Every structure is written in structure tokens, then in C-alpha cells.
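> Let me give you the structure first, and then I'll get to my questions.
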Amino acid sequence: MVAFASPSTRRVPLVFRAPGIAGAVLWVGVLSLSLVGIPGAPDARLDASWQQMLIHAHVQGLQFGRDVIFTWGPWGFLCNGYHMGSAAAWPILAWETLGQLGIACALWVLTRGVSPGRRWVFLGVFLAFHWLFLDTEYFVLVLLVGISGLLRRETTLLSLVAWAALLGFLAQLKFTYFAISAAAVAAGVACAWGWGRPGRAAALAGAFGASVGLFWAAAGQNLDNLYPYLRRSADIASGYGDAMGLDETWPQFLWGAALAVLCLAYLWSLWRGMDDRVRAGCTAAFVGFCLLAMWKESYTRADMVPLGGHLFGLVTLVAILSPVVGPLVSPLRRFQASDLALPFCLVAVFSFDRPFYALAPRIEWQRLYGSGYALGHLSALPDAWQRDYERSREANALPEVRVVAGQQPLDVYNFNTGVALLNDLNLDARPIFQSYSAYTPSLEGWNLRFYQSPRAPAYLLWSGERIDRRYPGQDDAMLLAALPGHYEPLFLEGGYWLLHRTSALASAPGRRRLLLDRTVHLSEEIAVPGPHDHALWLEVDARANALGRARALLYKPATLMLGTVDDQGNAEAWRLLPRVASAGFLLAPKLETGEAMASFLRGEAATWTTAFRFEAPESQAEFWSRFDVRLWELTDLPLRASVPLERLVALGIVDRPALWVTSEEGQSVFDRPEGHALLLHPSGEIALPVPAGGRWLTGAFGLREGAYLSGGEFMREGHTKGVAFSVEAAWPSGRREQIWSRYLDPAHARGDRGPQALRVALPAETPSRLVLRTAPGPDGDKRWCWSYVMNLRVVSP
């Protein structure tokens with residue numbers, strides 16, 4: 001009877017199965033080695049900062065959805081491309097070894113329904129492309145779990161629960177993965193229900209829900225925060241297109257659009273060609289949703305970096321799936337329509353990045369070799385990472401900030417949170433910890449309320465960096481307008497201003513006065529009404545037409561620009577974020593640099609926007625209809641005039657850009673026979689960087705003649721009481737020392753009239769900066785204290 005047994009039940013001797021086992025081991029081993037990604041050394045830049053913040057959130061037990069509002073989830077730190085020394089090193093290494101091995105095994109199991117030849121082609125394409133875009137690996141895995149696991153009648157209940165548990169974990173990595181995993185489960189539930197198997201549907205839904213909850217709790221998260229995390233992540237996703245869109249070239253768009261059309265055609269054939277109508281509809285809907293998600297992800301922020309970028313997402317996903325998706329869905333067909341996609345994608349990748357095919361084999365070999373080497377030295381990696389971390393700390397050190405801020409709560413604007421972590425500062429970041437992501441009114445509100453709460457940080461590190469040439473002041477716009485009067489600038493170090501909280505932020509909005517309310521169209525210039533003595537708040541409802549709304553739904557929103565002209569005659573174009581503009585942002589002053597922000601907090605503005613208009617890139621004007629504009633004067637934020645720092649160099653008042661200049665009265669430049677002078681009314685100060693080898697501060701200072709002379713006579717009582725000048729040296733260690741001072745009283749001492757020579761010897765230990773200050777006389781009377789400085793130089797022997 002054994003001779004007549006079914007081949008599926010006959011026991012095959014091990015010797016005959018050995019080649020298959022060896023092939024499986026080789027297949028899984030090579031794939032898992034390629035999937036391994038050993039994180040690199042930390043730094044303080046944008047991408048490294050948010051990835052290090054995920055590790056920090058895990059170590060500190062921060063709650064996602066409340067303490068942290070971000071689209072990566074509580075287990076997202078496992079996917080990091082940067083480490084934080086020994087912090088969370090072993091969980092990351094476990095995921096990059098055992099976790100990636102598990103993914104490789106899952107892909108082997110999920111592709112067991114295709115021929116060996118197709119499976120090896122799948123492996124080759126996967127090795128070639130998956131590292132071009134991180135999300136490709138997880139999209140492929142979720143798609144195959146859905147197609148080969150959840151949407152097949154043959155899948156056992158135990159296997160169904162196992163696949164649902166895997167999806168529940170993947171959903172914790174990133175909100176995008178949650179969306180496509182939930183779509184896979186929804187398709188599986190609908191399919192089971194359509195087959196008349198409600199118990200199977202309930203088991204699948206229950207297993208996924210339980211898995212999500214268990215893994216959420218295992219990450220140290222409160223279950224009450226799961227819904228807020230999903231809701232606020234959806235808010236971030238909803239504004240992503242408006243805020244983060246980047247345009248690709250026309251050839252890149254045409255390749256992507258053609259591929260999208262091919263995908264639609266395949267989905268149609270998939271739906272029409274399957275005998276099981278329930279499975280056909282659920283499979284087509286699920287695959288279509290995933291392809292749409294990747295299309296939007298790839299072509300919304302269509303960036304290209306060396307050998308990688310969002311733009312590769314759709315083409316690599318389709319290329320990797322093409323050898324296996326057809327046979328998994330329709331196993332009886334020898335030729336699959338999906339096979340046509342692979343050569344198309346190979347040519348598309350060549351058109352995107354021509355050096356790819358010359359470099360990819362070597363890069364993949366280096367990945368395999370590097371992963372193998374890392375696995376052989378796994379136990380030594382945490383210590384090696386810690387050494388890398390210490391070197392990064394030295395490279396990004398802010399010693400003076402460390403001394404002054406100590407361990408008091410501190411936040412970082414705009415996105416380089418890594419600088420706080422690398423300096424061992426007590427980072428207590430606002431929920432949307434990188435301000436460029438606070439691009440909807442509700443997200444802005446979370447950050448503002450954080451600063452209005454008792455948790456408001458004592459210090460704020462300020463960097464003027466922005467992305468995509470956004471108009472300054474749009475990132476965290478509500479928060480910026482609320483800071484003056486509550487945070488004061490202290491000093492600049494390493495490109496960062498340290499701001500100190502002096503009082504709690506008001507919970508009620510400030511007063512404002514409407515200056516302008518009108519509807520305009522593209523390129524229509526709007527003059528800013530005067531007087532220019534208060535901060536201005538601009539609200540814009542940018543109305544897209546029907547074509548523009550369709551473009552945003554199916555592709556991405558059209559780009560909008562803000563053209564400005566300032567009082568110096570400078571005309572510039574900036575990226576405008578429609579959702580931010582609808583709630584409003586600071587039009588003036590223009591917070592382009594940290595120095596501009598420091599001046600704003602002191603009630604000063606160096607430049608003024610005198611006119612603005614709305615623009616669109618070429619070929620995108622037809623997507624916009626009109627713009628409803630409201631311009632408000634913020635009556636609680638008066639501004640004094642200050643002089644642009646670069647102008648002081650051009651006029652010879654200083655020999656290098658000052659770090660900052662401030663005075664209680666408006667700054668101005670006037671002419672003297674000896675050259676240009678800067679009016680620096682008490683209490684005022686000008687800070688100068690000290691170059692290596694600097695030994696002397698030279699220049700001139702004094703009071704304008706009108707402060708003490710009237711018709712050649714001494715001023716009578718009631719005029720200037722004199723000004724105290726001083727120079728303070730500061731070092732990175734936090735040490736500060738007054739190294740010179742002099743009091744001028746020209747109304748009573750003839751020797752104090754006219755410009756006074758300044759020559760101050762610097763200490764032997766060269767300071768990092770010098771601060772020249774002006775202060776009123778002994779009685780504090782600031783009237784007629786028209787002090788000035790000129791020809792300031794830091795010189796070497």
C-alpha cells in the first residue's frame with residue numbers, strides 16, 4: 001500500500017532532502033546577513049537626532065502619544081541607523097541579529113508556494129534593492145504576510161494567530177507599518193467573514209488586537225496612550241504632504257506614474273482573474289492600499305541621497321515582489337502579469353541613479369562581509385559603540401552650556417536634539433521634539449501647551465537651522481510668538497543660543513490689532529502697512545482649486561512659496577506651509593538666524609518685511625485659486641530697530657561678525673570724522689568672538705556731543721549723568737571675568753569728551769568671546785546716555 005500513498009504523505013529520506021535543506025539554510029543565511037544593519041556613530045544632525053531621541057525615549061520610559069508625538073513607535077528605536085553608546089545596545093543588536101534572522105525565515109516560509117527558481121530571483125532582487133529605502137523591507141514582509149498568510153483558506157488557525165502576532169509587533173515600529181498591518185488584518189477578517197467563517201475572523205482580529213496591546217505594554221507604554229499615539233500620528237501623517245513634499249524631476253515622475261498605471265492594471269487583472277471572488281476583492285483592496293501608501297511615501301518627499309532615498313520606495317517594492325506575488329495569488333498560471341514589472345523596474349532604477357549598477361554589487365558584498373564580521377565580534381560592539389559615543393561627545397561639546405544649564409530641564413529648537421543628548425544635558429523635550437514636524441495647528445498646540453505647563457524647560461537651546469528653505473518662524477509658530485518676555489538669551493556657543501526661562505508663559509493669547517484683511521491671487525504684491533514698531537502675525541487661507549485638491553489626494557499638494565521684500569531691498573522666496581499659515585505665523589521680525597531670535601527676545605528687529613506675495617513653482621500655478629489674507633499687529637510685542645550684524649562689518653565698526661548686539665533703545669549708525677560709529681545706548685552690549693592667538697581688544701568709545709554740549713556750554717542739570725563701559729571675557733568652561741572698565745562723565749570732565757582710545761590686554765588663557773557693555777551712571781539715570789563704539793578689533797601680536 002505504501003507504493004500507492006500520496007506524495008504529500010510519503011516519508012522522504014533525509015539524504016534526498018539534504019540539498020533542499022542546504023539551499024534553505026543558504027537562502028535564509030544570506031538574506032538575514034543582508035538585512036543586518038549595524039548602527040553608526042551618533043551625531044547632532046537632523047536624522048541622527050530623531051533616531052537617538054527614540055533610544056532616549058525608550059531608556060527614560062517616555063510615553064508615546066503624550067510625552068512623545070512622533071510617527072515612529074515605542075519599538076522604533078530597534079531600526080536605528082545611529083546608536084547611543086551602550087544605551088539600549090543589546091536590544092538593538094538582538095533585533096539586528098535574531099530579529100532579522102526571524103524576518104528572513106518568515107520570508108522563506110511565506111514564499112514556499114512559488115518555484116525554487118522564482119524564490120532565488122526574489123532573493124537576488126531583494127539583496128540588490130532593499131537597502132535603498134528602509135521601509136521596503138517591512139512593506140514586503142507585511143504584504144507577503146497578508147497575501148500568503150491571512151488571505152489563504154489553507155492557513156491554519158495557529159498560523160493565522162502567529163502571523164497576526166508578528167503584524168502586531170511590526171505595528172509598534174512605525175505608524176506607517178501599523179496602517180498597512182491593520183489593512184492586512186482587516187482584509188483577512190473580511191475574507192474570513194465572506195467565506196462564512198466568523199470564528200476565524202474573530203480569532204484573527206483578536207490575535208492582532210491582543211498582540212498590539214501586549215507589545216505596547218512590553219515597551220513600557222500605558223495602554224491609555226495607545227489611542228492618543230494613533231490619533232496624533234494620523235495628524236502628523238495628514239499634514240505630511242503640505243509640509244514635507246519635495247518635487248522630483250519630470251523623468252522620475254513619468255517612470256513612477258507609468259509604474260503606478262501598471263500596478264493599477266495588475267490589480268484589475270488580479271480582481272478579475274481569481275475564481276474566489278471574496279479573496280479576489282480583499283486581496284486587490286489590500287495590495288492596492290499598500291501600493292498607494294508606498295506611492296504617496298515615495299513621491300511626496302521625493303528626495304534622492306547617494307544610493308538611496310524615498311524616491312526608490314515604490315520601484316524597489318514592486319521589483320522585489322514581482323517574482324513571487326503572482327504565483328502566490330494565482331499558482332496555476334505559468335506566466336504571470338507581474339513578471340513584466342521586474343524589467344521595467346530595473347530600467348527605472350537605472351534612470352534614477354545610473355551609478356547604481358556599477359556600485360551595488362560591491363556595496364552588497366560589503367554589507368554581507370560587514371554583517372558577518374560584526375556577528376563574529378558581537379560581544380565587543382557595545383564597548384566599541386561607547387567609545388564612538390565618547391568621541392562624538394567631544395566633537396559636539398558645549399562646555400559652557402553644560403556649566404550654566406547643569407541638570408536643569410532643557411529643550412532644543414529646531415531639530416538637533418542630539419546635541420543635548422551628546423552633552424549629557426537633562427533633555428526634557430516638547431512632545432513634537434523636532435519643530436519642523438509641528439506643521440498642523442493641533443500639533444503646534446501640543447508644544448505650546450507644554451511650555452505653558454509647569455513642565456516648561458528652564459533652558460532652551462536655539463538653532464536657526466531649517467529644512468526646505470521654509471520661511472523662518474513657521475516651525476512651532478505659536479510657541480515662538482509666546483516666548484518673548486518669558487525667555488531671555490544668555491550667550492552663543494557652538495552655533496547654539498542658550499535661552500533661560502524668566503517667567504511662566506501666559507495661558508491666554510496676546511492682544512493683537514487687525515491691519516489688513518483681503519483676498520489676493522498669485523503674484524499679487526501686498527504692502528505691509530506701517531508703522532514698523534510691533535511684531536506682525538500673518539494668517540493665510542490658501543485655497544486650492546478642484547484640480548489642486550485632486551492632485552493632493554492622488555499625488556501630493558502643489559508647492560506654495562512666499563515672496564518677501566525687506567527694508568534693505570532684499571527680495572527672497574521661501575517655502576510656505578499652508579496648514580501652518582492657516583493658523584498664522586510671525587511675518588516680522590524674520591527669525592532667520594539664532595541672532596535674530598535673540599534680538600526678538602530682547603525686543604529688537606534688524607530687518608523689516610515691507611511687502612510680500614504668494615508664488616508657485618513653474619507649472620504649479622494652475623492648482624491654486626485664491627488666498628484669504630489677514631495681517632495682525634501683536635500689540636504686546638513692541639520692537640526697536642537694530643543694525644544687521646553683517647552691516648557692522650561692512651561699515652568697519654567691527655572687523656569680524658559680532659555674536660550679538662543689543663541696547664535698550666533702537667540701534668543706529670552715524671558718521672564721525674574718524675569713521676562710522678554704532679550707537680549703543682545703555683543698557684547695551686556687543687559680543688565679539690576671539691580668534692586663536694587674540695591678545696588685544698582695540699577700538700574707540702565715547703558719548704555723542706549732543707549728550708553733554710549745548711551751544712558750546714556744559715549741559716546743565718538734567719542731562720547726561722555719564723555712562724559706564726566695561727569688557728567681560730568668557731571661556732567655554734563657564735568662567736567669566738571683567739577685565740576692563742571705565743566711567744565717562746563728559747558733562748563734568750573735559751577729558752571724557754570725544755572718542756576715547758580702547759586698548760585692553762586679554763588674559764593669557766585666551767577667552768572664547770568678549771562682551772563690551774554700556775551701563776548708566778551711578779544713579780541709574782539713562783537720559784542722554786548716547787554712548788557709541790567704533791573700530792573694534794581683536795588683534796594678535
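Chain lettering (A, B, ...) mirrors the order of the C-alpha cells, residue numbering begins at 1 for each chain separately, and ligand numbering begins at 1 in order of display.
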Apply DSSP to the backbone of this structure and, from segment 279-467 of chain A, keep only the residues in strand (DSSP E or B); write these as JSON, numbers by chain.
{"A": [301, 305, 308, 410, 411, 412, 413, 427, 459, 460, 461, 462]}
> Could you write out the selected residues, including C-alpha atoms, as a CSV table (one decimal), in the first residue's frame?

```csv
chain,number,residue,atom,x,y,z
A,301,ARG,CA,9.0,63.6,-0.3
A,305,VAL,CA,20.5,60.8,-1.5
A,308,GLY,CA,19.0,55.7,-1.6
A,410,LEU,CA,16.4,71.8,28.8
A,411,ASP,CA,14.8,71.6,25.3
A,412,VAL,CA,16.3,72.1,21.8
A,413,TYR,CA,14.9,74.1,18.9
A,427,LEU,CA,16.7,66.9,27.9
A,459,TYR,CA,16.6,76.4,29.3
A,460,LEU,CA,16.2,76.3,25.6
A,461,LEU,CA,19.0,75.7,23.1
A,462,TRP,CA,18.2,77.5,19.9
```
> Can you tell me which residues surround Asp468 of chain A at a distance of at most 9 Å, considering only C-alpha atoms, apart from same-chain residues fewer than 5 positions away, and format the answer as JSON, numbers by chain?
{"A": [244, 246, 574, 575]}
> Name the residues of segment 391-523 of chain A that come out as helix (DSSP H, G or I) in a backbone DSSP run; write them as a PyMOL selection string.
chain A and resi 391-395+399-405+418-422+435-437+441-452+477-482
> Using only C-alpha atoms, find the one residue out of A:Val142, A:Leu490, A:Leu422, A:Ala616 that sits nearest to Glu685 of chain A.
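Ranking A:Val142, A:Leu490, A:Leu422, A:Ala616 by distance to Glu685 of chain A, first place goes to A:Leu490.
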> What lies within 6 Å of segment 174-186 of chain A using only C-alpha atoms, ignoring chain neighbours under 2 positions off, as a list in words?
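With the cut-off at 6 Å, the set is Thr71, Trp72, Gly73, Gly146, Leu167, Ala171, Gln172, Gly188 and Val189 of chain A.
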> Would you mind exporting N, CA and C atoms of the selected residues as a short mmCIF file (atom, residue, chain, number, x, y, z; two decimals), in the first residue's frame?

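Okay, selection-v1.cif is ready:
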```cif
data_model
loop_
_atom_site.label_atom_id
_atom_site.label_comp_id
_atom_site.auth_asym_id
_atom_site.auth_seq_id
_atom_site.Cartn_x
_atom_site.Cartn_y
_atom_site.Cartn_z
N THR A 71 5.80 59.69 14.51
CA THR A 71 5.22 58.57 13.75
C THR A 71 5.98 57.27 13.95
N TRP A 72 7.19 57.32 14.46
CA TRP A 72 7.84 56.08 14.87
C TRP A 72 7.31 55.71 16.25
N GLY A 73 7.17 54.41 16.48
CA GLY A 73 6.56 53.94 17.71
C GLY A 73 7.56 53.57 18.79
N GLY A 146 0.13 39.21 4.42
CA GLY A 146 -1.26 39.32 4.04
C GLY A 146 -1.64 38.36 2.92
N LEU A 167 2.43 40.82 12.95
CA LEU A 167 1.97 42.14 12.49
C LEU A 167 1.74 43.08 13.67
N ALA A 171 3.64 46.66 13.91
CA ALA A 171 2.85 47.89 14.05
C ALA A 171 3.42 48.82 15.10
N GLN A 172 4.27 48.32 16.00
CA GLN A 172 4.87 49.17 17.04
C GLN A 172 6.12 49.90 16.55
N GLY A 188 -7.95 40.22 5.93
CA GLY A 188 -8.11 38.84 6.37
C GLY A 188 -9.43 38.60 7.08
N VAL A 189 -9.84 39.55 7.92
CA VAL A 189 -11.12 39.43 8.62
C VAL A 189 -12.27 39.46 7.62
#
```
> When distances are computed from only C-alpha atoms, which of A:Ala337, A:Val649, A:Val661, A:Leu127 shows the smallest separation from Arg362 of chain A?
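Closest candidate: A:Leu127.
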> Would you list the contacts of segment 600-605 of chain A as a PyMOL selection string, taking every protein, DNA or RNA residue within 8 Å and counting only C-alpha atoms, but skipping same-chain residues closer than 4 positions in sequence?
chain A and resi 483-485+487-489+589+591+596+637-642+662+666
> Between A:Ala700, A:Leu448, A:Ala341, A:Val125, which has the minimum distance to Ala360 of chain A (counting only C-alpha atoms)?
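Among the listed residues, the smallest separation from Ala360 of chain A belongs to A:Val125.
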> Skipping near chain neighbours, those fewer than 3 positions away, what residues fall within 8 Å of Pro644 of chain A using only C-alpha atoms, listed as a list in words?
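The neighbour list is Ala606, Thr607, Arg647 and Leu648 of chain A.
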> Store the residues picked out above, limited to C-alpha atoms, as a PDB file, in the first residue's frame.

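Output (part29.pdb):
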```pdb
ATOM      1  CA  ALA A 606      17.291  94.094  12.419  1.00  0.00           C
ATOM      2  CA  THR A 607      15.199  93.950   9.228  1.00  0.00           C
ATOM      3  CA  ARG A 647      26.396  95.598   8.071  1.00  0.00           C
ATOM      4  CA  LEU A 648      28.633  96.384  11.046  1.00  0.00           C
TER       5      LEU A 648
END
```
> Any idea what's packed within 8 Å of Ser148 of chain A, counting only C-alpha atoms, ignoring anything in its chain fewer than 2 positions away? Could you give it as a list in words?
Leu110, Thr111, Leu144, Val145, Gly146, Leu150, Leu151, Arg152, Leu328 and Val329 of chain A
